[in-house]
Every structure is written in C-alpha cells, then in structure tokens.
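Below you'll find the structure, written out as structure tokens, and then a few comments.
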There are 2 protein chains.
Amino acid sequence: MYRSHTCGELRLADKGKVISLAGWVQTVRKFGSITFVDLRDRYGITQLVFNESLNAQLDEQPLGREFVIQADGTVLERSNKNPNIPTGDIEIEVTAFTILNKSAVPPFTIQDDTDGGDDLRMKYRYLDLRRNAVKRNLELRYAVNRAARNYLHENNFMDIETPFLIKSTPEGARDFVVPSRMNPGQFYALPQSPQTFKQLLMVSGYDRYYQVVKCFRDEDLRADRQPEFTQIDCEMSFVRQEDILNMFEGMIKHIFKAVKGIEYTEAVQRMSWEEAMWMYGNDKPDIRFGMQLLNIKSAFTLNGEITAKGELLQGADFAVFNEAETVLAIAVPGIAEYTRKQVDELTEWVKRPQIGMKGLVYIRYNADGSVKSSVDKFYSEEQLRAIAEAAGAGKGDMVLILAGAEERTRKAISELRLEMGERLGMRKKDEFKLLWVLDFPLFEYAEDENRWVARHHPFTSPKPDHIPVMIGNNPVIEDAKHYLKHPYAQIKANAYDMVLNGNEIGGGSIRIFQRELQEKMFDALGMSKEEAQHKFGFLLGAFEYGAPPHGGIAFGFDRLCAILGGSESIRDFIAFPKNNSGRDVMLDAPSTIDQKQLDELKLEIRD
Amino acid sequence: MYRSHTCGELRLADKGKVISLAGWVQTVRKFGSITFVDLRDRYGITQLVFNESLNAQLDEQPLGREFVIQADGTVLERSNKNPNIPTGDIEIEVTAFTILNKSAVPPFTIQDDTDGGDDLRMKYRYLDLRRNAVKRNLELRYAVNRAARNYLHENNFMDIETPFLIKSTPEGARDFVVPSRMNPGQFYALPQSPQTFKQLLMVSGYDRYYQVVKCFRDEDLRADRQPEFTQIDCEMSFVRQEDILNMFEGMIKHIFKAVKGIEYTEAVQRMSWEEAMWMYGNDKPDIRFGMQLLNIKSAFTLNGEITAKGELLQGADFAVFNEAETVLAIAVPGIAEYTRKQVDELTEWVKRPQIGMKGLVYIRYNADGSVKSSVDKFYSEEQLRAIAEAAGAGKGDMVLILAGAEERTRKAISELRLEMGERLGMRKKDEFKLLWVLDFPLFEYAEDENRWVARHHPFTSPKPDHIPVMIGNNPVIEDAKHYLKHPYAQIKANAYDMVLNGNEIGGGSIRIFQRELQEKMFDALGMSKEEAQHKFGFLLGAFEYGAPPHGGIAFGFDRLCAILGGSESIRDFIAFPKNNSGRDVMLDAPSTIDQKQLDELKLEIRD
C-alpha cells in the first residue's frame, strides 16, 4: 500500500501517529517558507504541511493541481482548526514525499461549482467524476443498489442473470441488433428488458427473481433518455396484485430508510389511472401539493360516475368556453396579487409551442372577497365566484383556466399545475411522496395503423372481469373515428405504476399465464399466428407446461437515483453516460470499424 | 397470495394448521380411494392427501404431471414418515383444490436423472431449469454472487456500472459490434471487459471498484466457452501486487466459507510462472496432487538457475532421447503392477492427436526393488533406477517418460499427469486447492505476424526492474527464428493468476499508469501512434491528469461457480446458455431481422 490511512480518516485522536497518505493535490498555498497542500482522495481532504526542510525538493519537483503524491509524516493538532471538514482538527507534518504522477492543468476546476461546460465535462468525464457533486451521486447510486439487493435477498428473491444476446422481437421500441459472424445474415438483439426471461423463470419455478440489469432501446433520444439504462427488474409467482404492491412498497421504503434515513411509515397512497387523469391531468401526478383540477367541461369521464361541472358556465355568451371540448381550472393559492405583467407572462407561458394553448383565463379571488377576471364581461361575479370556489379557491388565490381539445388541454393544465407548484416552492426536493397509480387501460389506440397497441406490454393481463370482453370481441376497429366506442377501449389491466414526486419510477403488471389468452392478446395487437409463433413461440410453448400465475415490476434505476439525489437529470447519476445523440464523446463512440470486421460479418454499409 | 406456506416449509410443529400451498404436481399416486400427490415448488416437496370426498372433482379435473395447483388443507402427522425430505414428517389433508394451469406431458422427466438429452433440454430450458440439479447450480451461483458482493462491500469497494455500448478496439479477441441507426455506418462494440473504464475510474479517484458484469467475445466457440460470460471485475488504487493478492485471496476464502462452509485458513500457495511450467508443464497446475515433472532434458530453463538432469541419460545409445529437445518424466504412484495391456492403452492415449506424442517410455519400480523398463536395452538397471528416483518414484511406482519438441512435450506430460491424477482419484471434487501463479511474461511472440502481443493485455505493467529493458530496446524482431533471444522475451509482468484445482479462475495485473510507458507498450505491440490515439486516446489523455498507481483482477464467475459446484461445464451454471455454435436454441437466436430494420441501419447483407 502506498498509504497507511485515507485522506478522510485522521482525527485528533490520531495525534502523534506516523502515517502515510496518497492522493491528489487539491490546492497548494505558500505562506512564507511553509507550503500547505490540501490532499484529496475518495474519502476526504487532509491538510499537509511542508516545512522548510522540504523546500529544496519542492523547488526541484514543484507540486501542481491534481498531481498524485505520496506523503509520509506525523499527525499534528492544527492551530487554525477547520470545522467544515471531518479532518479539520489535524494536519500532517510531512517528512518525505514522492510525486507518483504529474498532472497537466485540468481543462476545468475540480470543484462543486466547476467552470467547465457540459461538453467539456463529458469529454473529460474521468475528471468530472473527481468532483464531489458527481461522486456523491455515484455513492448514492451504489447505496440504492445495495439497499434494493439486501431487501430483495431478505425476501427470498434470487438474482438470476438473463442473456444479453437474444432475439429481435420489436414491439414498441426499436431493438439494437448485433450481427452474428458465425451465422452470417442473422442477428442477435440486445434486450429492451428481460421480460420474457423472467416470465420463463417463473414457469421454471424460481418464484422470486430479481436483477439489477442493463436494458437497451434504440430510440430517438429525448432529453434525459439513454440508449442503455438500468432496471431493478423483479418477478414473483403465486401472487395477486396486492401482494406485489405491498412487497415493492416495502422495497422503496427500505431504500428511503437505508439511503436517506427517511422513515416512510404511512401507507403509499393509491389512485386509479382514471382518477389521476381526472384530478391531475396526467398518469404520474406529483402529490406533494394539491391544486387539483376542476373539470368544468370535459370529454373525459371519471368512472362514468363523476361528471364535469358544465352548469357553472351556463347562460353566458363566451364562445371560447362554449365551443371548447374541455375547460379545466386550477386554483393557485396566494397569487391573487399577481401583477398584470405576471399574468401576461403566464399567458405567454401557456402559449409556448411546448404547451400550445391559445390563451389563459384567470379569476382573481381578492383578499377582500371581491372577484376579478379576464372574462368579467361574460360572467357575473356570482358565476365567477362559484367557479373559483368549485376549483377550491379562497380569498387571496387565483384560478387559472384553460380551454380547448381534451387531450392537449388536460396535458397543458397538468404542466401549468406543475409549473405553478414549482414557482410557489411546493415541489420540495427533500420531500418524497409515493403514489401507486392502478388500473391502466390495457390497450392504446395507434392512429397511424388503426389498431390496438399494448399500453404496458403484450404480456400484461386484463383485469379478470375484463377477460370476457377481450375474448368475446373482435379487435378490429371498424370505425376509426369512434375507436373509444370499441369495447377494447374500456378494458383495464392489472397494471400499476409507482410514482415518486411526479415521476414514474416503476411499473409492472400481473401477467397473462395461459397460452390461449396470450394468443388472443397477440391477435388483438394485429400479430398473425405465424408472427406470434416466430417471435414468441418459446413463451407460448412454455405456457403449455404448467405456468403459474405471476406478476412483476421493473424500476427505472437511473431515475430513481436521480430523484433521490434531488436531480432531474439521470445523466448525473451514470458514471459514463451518452449525450443526446447517443454518443460517448469521451470514447468517441460509435465509430467506424475496420473493413476486416465488416467482411467477417458479411455486411455492407449502404451509401 | 395463492399460498400461506411454501412446499419446503411445514414441519411436525405445524400439525393441525390450516394452510394453503401452491406448486407443481411432481407425482400422482392412487391407493384405493385415496390419491397422494407430491407437490413441488422452489423450496421443496410436500405430500398432499386427497381423500374420497374429492374424488368427484378429481374425476372431472384429473391431475397430471407438472400441473400447477393450489390446495387448501390441514397439516397432519404422517404415519409413514419419509426421512429423506425435510417435510417428510407431515402431509396435507386437502379440503379443496384448484387447478391453476394444466400442463402437457413434458418432453423429459423433471428429475435429477432425467431422460432428456442435451439438445432437448436446451430447447426446453424452462423445463430443465425445474430440475433440482440445475436449480442447485443457480442457487450456488447466487450465493457466490452475494458472498463476493458482501466481501467487497465490507472492504470499501463500490459497484459502479460501466457502459455496454462502447468503442470497438479489437486487440486480441474479436468484438461483437452494434450498428448505430443514429450514426449510419458507425458501430458500437460490446465490451470484452470493462478494463479501460475501471482504469478511468481509478484516474477519477474511485479507489476500489467492483462489478459483477457481462462481457462479450466473438470467438469461435470451443467447448465450454460462451459468447457472453460474467466477470467479477475489480480494481484498486495505491496498491502494490502484494496488496491485491491478499485482498482477493481473502475474497475467495470468504466465498468458500459463505457458500461451501469451508474454512480455508492456510495461506494460498504461490509459484512463479516459470516454476509452474518447470514443475507441472503448464501455467495453471492442479496442486491437489504431486507427481511433479522431472526435467531430464529441457530447452526451457528455470530462472537460469536450475538446469535439467541431462546427465541421467549420458552414455546410452537411445536415439529418441538423445535427439529430443526435451525429455520429461513423472512418477505415478502405485501403478508398477499395471498390466502390459494397461501400459499399451496409456501409450495409445499419448499418441492420440489431441496429445500428439510418438510414444511413451516407462520404468517400473517393482515392489521388490527391481526395475523394468521399455528401454532396458539402452540403459542399465542402475541408470533406470537413478532416473526413477530423480523423478520421485519409490517401490511400487511407475515412471512415465515423454520426449520430443519442448512445447508439445511439456503440454503432453502435463495432460498425462492430469489424466493419471484423475484415474488414481487424486483430483477430488470436494477438495479445493488455491494457487497464485505470478511473474508471467509480459509479451508473447505472434509467429504469423512476427511481432509481440500482450500476454495479459496491453495495460499490464512490466516489473519495475524490467521497465528499462522495455524502454531501452527496439521491439522489432530482426531474427524471427531466435525471437527468444530478443530482450523482450525476458521481460516479466506484474501479472498474476488465481488457480483453483487446475483451472484459472481469475487473473489480473498491476497496470501501467504513465502515458509514456503506455505509449511504449502500444509501440511494442506494433501499433502506430495514430492507431493508438484513435483507439485509446481517451486513456492516454486520462493518464496526463494525475493517474494513480493501480491494479486489479477479474474472476471468471461462470467457471468459479462451476468448480465450486463440482462440475467441469460452465453451461450448467448459466440460466440461459448458448450452445457451441453460439445459438440460443430455445429462442432460436440469432435470427433474421426485418428488412425495415436493415434499412433503418443502412446495412446490406452480402451474399
């Protein structure tokens, strides 16, 4: 060992010890004839003192930022203690030192508030990884990994590795493929998830499976998507949905406790997909704050039971509302005093192309009880107050109303709600609110192909009550315009998402485990019998030999870590991420390969 | 939950409890009006008793092998106890049952001694995985995984995930490549190991890294190689070779204890590569037994110190020995009584093409002290006894001698030694002997290209003493025939292998951490400056910014598990292995892909 201790280890109790440290030179400061060096390693920073006797060597071998040195010396009590670091009570009087390696001047400073831009830091990722901020993220990631594994192990789950070179069965996202040299013209695919393998393991009787595993999707990258990402992937047999919810609620709570020291003792709130859409406008609501939607007019209905409050608008001549498919409102607390300029700015905000609304209607519910609105001339103060109160506004609040086509408007008000929550400080980074969203639709309508696609994936089971609807109806959509009238649109799945602070961190379902139902599902998705057999024959075959009821869940590990770390960006929590074009700019990959490699693979690149 | 208990859980103490079980029907036996069913799950087998009252349902819904059922009932004490299974004292009197899923008759029996052939079991791998023998292997694999992680965690190692979509830098084995749709004509490669990434992490200061990680090599598959395999991959900074040996000796001992209950307290034996070659004829000797080589004549020398015993052959007119480059002997204990037929059979064994010797010379050292040999007419009894005794033979033993070209003969005697050890029961499956082999040559000579290749990999450091030899000499080999005279042939590396029972289970090295030396290494391997920069520019760059001294090791996880499980075949320890042509016969992968996929990748398949 080049060291007897780490740079984060020595304390006043070690005073007088003769020790060796090794690490990186963080700073060099000279006071008179004495040189002070902050030496850094993974564990901390320790101050080294080089006194006069070493000046000859220091002149000959000057130290610079990020030099790697080994120093022998004695632990002394510091006269000027530094209460900000754990080693701040001591310093090392250096008796001898060796430069193990020099460093060029780094292209950016290795500090929390570095002067390096994003591109530069990605190119020199190995230097960026030295920064405390990044190191803390990777430490958190490891802690989450460890906590998840420990919990699952305690609960009898087994880590079983599934293969990476599998078969291409694109359904949903695109596969990355891998040409086979030994089988020219044939390809492996990299797994988008180990879905079918974990189901096979259930058929094999392994009962409780987990893996922290890389998955691959060749998608056009949006911000904060990576072509390779990590899942905590789990599956259980002989369970019903309730068992899975309880098991994995337990896992997340265990992670909260182990990683963040948070005792999340309350039961995780649950909400149906329909309720989430109705009350928050999206399927992963941030429930750290209220500001629920008032559905004044809505094309969407909740359970067919609760209807929109269209009567609130009756008798007025405001064409925008009267003609809109959907009118939705939120009551934003405490902003009745917003200036005209602030309201104009909000209006511009909803008119941005990302939101796409034509305008914003407001109702101020002033502190004195009076009501003021941008649609004063169409509605009486009484009407406006009724709307405001139905939205949950009180004195001092302001109601914001959007109107337009159902899907866009619901999405827009959801974004506006989040934006207002953010502006008002209601989305606290250190507050964690979990939510189960349940009862997702089994199918989504794919307009371009006029067919059903699986909302979760083709292995998700319909709710038992809805199986007859699926079996008993022809999946073909005769009337594309009214696809919502097709019985399949009403089928709900035994599928569930776990939502944390408005982010989906995990999702899963109870699976189909009967061959006939799985075949019906492939049929419903427009897959021919031959295609189903070619792609998933192994799974259909497996279902003939005693498949148990089973279900599972997969957590997006990168995102989970990011949220626990209080960040929106998963890239900050990945040691070597790719950029938004899927490039590793440090490696300069992907890149061209040798003609010899192409020849061996019998491949040609088309111009 | 479909069950209150597992099939391996209930004991006499549970007598009287009302329980539910779920699992697979292992056997159905009918005695009179009573039906007995052995119900199996991951945890064990429990006997179910269906009495008359259920016969109507059983007639209507007959149970078959591998049916999945749920059964409710009461725990009873068994009259005929079965001491062979943990639940053998009890049985369940079934009050109600449900068939959760039927099963077709499996293509082979789900038993330890199955009637299924290899191909059939691979095709129906999900059924093969149900067999106890395979399940035990995967459980052992998980236990090893868990033990390794726990040990490394306790020792401050951090699991840090490295990318799978990297850059193709073929050097040694072939890369699997992945075409990039977003960058047409460019490819990612799948990692052969995370080597450069773990070194970058050391440059980043992460100090102690580990990963249990999939690696990929597109090689022509020999028996018991897989295109994807798993490594326990580790790296440490500020260490010398001794620190790494101690750390990972500790890890393996921890695994022995945790997984096999074995207290491996003795220090792991160490041997230089030269000693291993001299004494055992190969670099991964099985030291569970002796039978060391006598180097009578040898082109190879040990440390330049110990020379072969050529004098033992002097004065005789036996052309085979006199003309051979190498004559090697082993003394096989207790087989002096071998019949002529047995000796002939051994002779045939060494003449097989896999061994490739022209013949076998023997010396019987009879129990009465007399000596008898196939070369009696060339050597006196005194000479033969001297050879036998130099080989370590005593009364009752037989000396086996091979002669020929150095490399082939050494390999052959090594194989013969292992074969005799096997035949004599000296290679016990339940005995585990670890060995460190040290001081490997840094380079190997590649005859076809007349250049040096890295024996371990291009990042391995020469021994400090040998660095000047590397720096100070031109790597070009002027005289191909006498390449062994080139100074580079003498350079030894700070590289080490861990050997278990004659298998290399891990290997590693102290790494180069200076840019100049790394550049010299690339140069020594015949890589131009441009090529080195193109392939490894990121690493050379990283070495400019304060790279610490570091080293590491990688364990072949599949093989380690196989040896601990007492098997020679790694396939038995992989959930979903590929066959020897790299195919997954269950999935039928690799396979053709859609033209649309090829079009998107801008690829064409050459005829």
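Ligands are numbered from 1 in the order shown, residues from 1 within each chain, and chains are lettered A, B, ... in the order they appear in the structure tokens.
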
*Shell of 9 Å around Gln231 in chain B, only C-alpha atoms, local chain residues under 6 positions omitted, as a ChimeraX atom specification*: /B:193,211-215,506,554-558

Report as a CSV table (one decimal) with all heavy atoms, in the first residue's frame all protein, DNA and RNA residues lying within 9 Å of Leu384 in chain B, evaluated on only C-alpha atoms, omitting residues in the same chain fewer than 6 positions from it.
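Written file, selection.csv:
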```csv
chain,number,residue,atom,x,y,z
B,312,LEU,N,21.6,-37.8,-16.5
B,312,LEU,CA,21.0,-39.1,-16.2
B,312,LEU,C,20.9,-40.0,-17.5
B,312,LEU,O,20.8,-41.2,-17.4
B,312,LEU,CB,19.5,-38.9,-15.7
B,312,LEU,CG,19.4,-38.3,-14.3
B,312,LEU,CD1,18.0,-37.9,-14.0
B,312,LEU,CD2,19.9,-39.4,-13.2
B,363,ILE,N,9.2,-46.9,-16.8
B,363,ILE,CA,10.1,-47.6,-15.9
B,363,ILE,C,9.3,-48.1,-14.7
B,363,ILE,O,8.8,-47.3,-14.0
B,363,ILE,CB,11.3,-46.7,-15.4
B,363,ILE,CG1,12.0,-46.0,-16.5
B,363,ILE,CG2,12.2,-47.5,-14.5
B,363,ILE,CD1,13.0,-44.9,-16.0
B,371,VAL,N,13.9,-53.1,-11.2
B,371,VAL,CA,13.4,-52.1,-12.1
B,371,VAL,C,13.3,-52.7,-13.5
B,371,VAL,O,14.2,-53.4,-14.0
B,371,VAL,CB,14.5,-50.9,-12.1
B,371,VAL,CG1,14.3,-50.0,-13.3
B,371,VAL,CG2,14.4,-50.1,-10.8
B,372,LYS,N,12.2,-52.3,-14.2
B,372,LYS,CA,12.0,-52.9,-15.5
B,372,LYS,C,11.5,-51.8,-16.4
B,372,LYS,O,10.7,-50.9,-16.0
B,372,LYS,CB,10.9,-54.0,-15.4
B,372,LYS,CG,10.6,-54.9,-16.5
B,372,LYS,CD,11.3,-56.3,-16.3
B,372,LYS,CE,11.2,-57.1,-17.6
B,372,LYS,NZ,12.0,-56.6,-18.7
B,373,SER,N,12.0,-51.8,-17.7
B,373,SER,CA,11.6,-50.6,-18.5
B,373,SER,C,11.5,-51.0,-20.0
B,373,SER,O,12.0,-52.0,-20.4
B,373,SER,CB,12.7,-49.5,-18.4
B,373,SER,OG,12.6,-48.6,-19.4
B,375,VAL,N,12.9,-49.4,-22.1
B,375,VAL,CA,14.2,-49.1,-22.8
B,375,VAL,C,15.4,-49.8,-22.0
B,375,VAL,O,16.5,-49.3,-22.0
B,375,VAL,CB,14.4,-47.5,-22.8
B,375,VAL,CG1,13.4,-46.9,-23.8
B,375,VAL,CG2,14.3,-46.9,-21.4
B,376,ASP,N,15.0,-51.0,-21.5
B,376,ASP,CA,16.0,-51.8,-20.8
B,376,ASP,C,17.3,-52.0,-21.6
B,376,ASP,O,18.4,-52.0,-21.1
B,376,ASP,CB,15.4,-53.3,-20.7
B,376,ASP,CG,14.6,-53.3,-19.4
B,376,ASP,OD1,14.6,-52.4,-18.6
B,376,ASP,OD2,13.8,-54.3,-19.3
```

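Residues in contact with Arg408 in chain B at 9 Å, where only C-alpha atoms are counted and same-chain residues fewer than 6 positions away are skipped, are listed as Ile355, Gly356 and Met357 of chain B.
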
Keeping all heavy atoms, export the residues of the selection given above as a short mmCIF file (atom, residue, chain, number, x, y, z; two decimals), in the first residue's frame.
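Listing of selection_29.cif after writing:
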```cif
data_model
loop_
_atom_site.label_atom_id
_atom_site.label_comp_id
_atom_site.auth_asym_id
_atom_site.auth_seq_id
_atom_site.Cartn_x
_atom_site.Cartn_y
_atom_site.Cartn_z
N ILE B 355 -3.01 -35.24 -28.02
CA ILE B 355 -1.76 -35.21 -27.24
C ILE B 355 -0.57 -35.17 -28.19
O ILE B 355 0.34 -34.36 -28.02
CB ILE B 355 -1.67 -36.44 -26.29
CG1 ILE B 355 -2.94 -36.53 -25.41
CG2 ILE B 355 -0.41 -36.37 -25.43
CD1 ILE B 355 -3.13 -35.40 -24.43
N GLY B 356 -0.59 -36.05 -29.18
CA GLY B 356 0.36 -35.91 -30.28
C GLY B 356 1.77 -36.41 -30.03
O GLY B 356 2.73 -35.97 -30.67
N MET B 357 1.95 -37.32 -29.09
CA MET B 357 3.29 -37.88 -28.85
C MET B 357 3.49 -39.11 -29.73
O MET B 357 2.55 -39.76 -30.17
CB MET B 357 3.43 -38.27 -27.37
CG MET B 357 3.52 -37.08 -26.43
SD MET B 357 5.14 -36.26 -26.51
CE MET B 357 4.74 -34.84 -27.49
#
```

message: Using only C-alpha atoms and a distance of at most 6 Å, pull out the residues of chain A that contact chain B, as a PyMOL selection string.
response: chain A and resi 1-2+42+66-68+101-104+126-127+129-130+167+178+185-188+200+204-206+238-240+544-546+589-592+602-606

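Using only C-alpha atoms for every distance, the candidate list B:Asp113, B:Glu93, B:Glu422, B:Glu311 yields B:Glu311 as the residue closest to Gln383 in chain B.
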
Kindly indicate which residue among B:Lys596, B:Lys297, B:Lys81, B:Lys309 lies nearest to Ala390 in chain B, using only C-alpha atoms for the distances.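 For Ala390 in chain B, the nearest of the given residues is B:Lys309.
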
Exercise. If you run DSSP on this backbone, which residues of range 64-273 of chain B come out as strand (DSSP E or B), and could you give them as an MDAnalysis selection string?
Worked result: chainID B and resid 68:77 90:101 103 158:159 166 171 173 177:179 187:189 208:216 228:237 269:272

Quiz prompt | DSSP-assigned helix (DSSP H, G or I) members of range 336-384 of chain B, reported as a PyMOL selection string | solution = chain B and resi 340-351+381-384
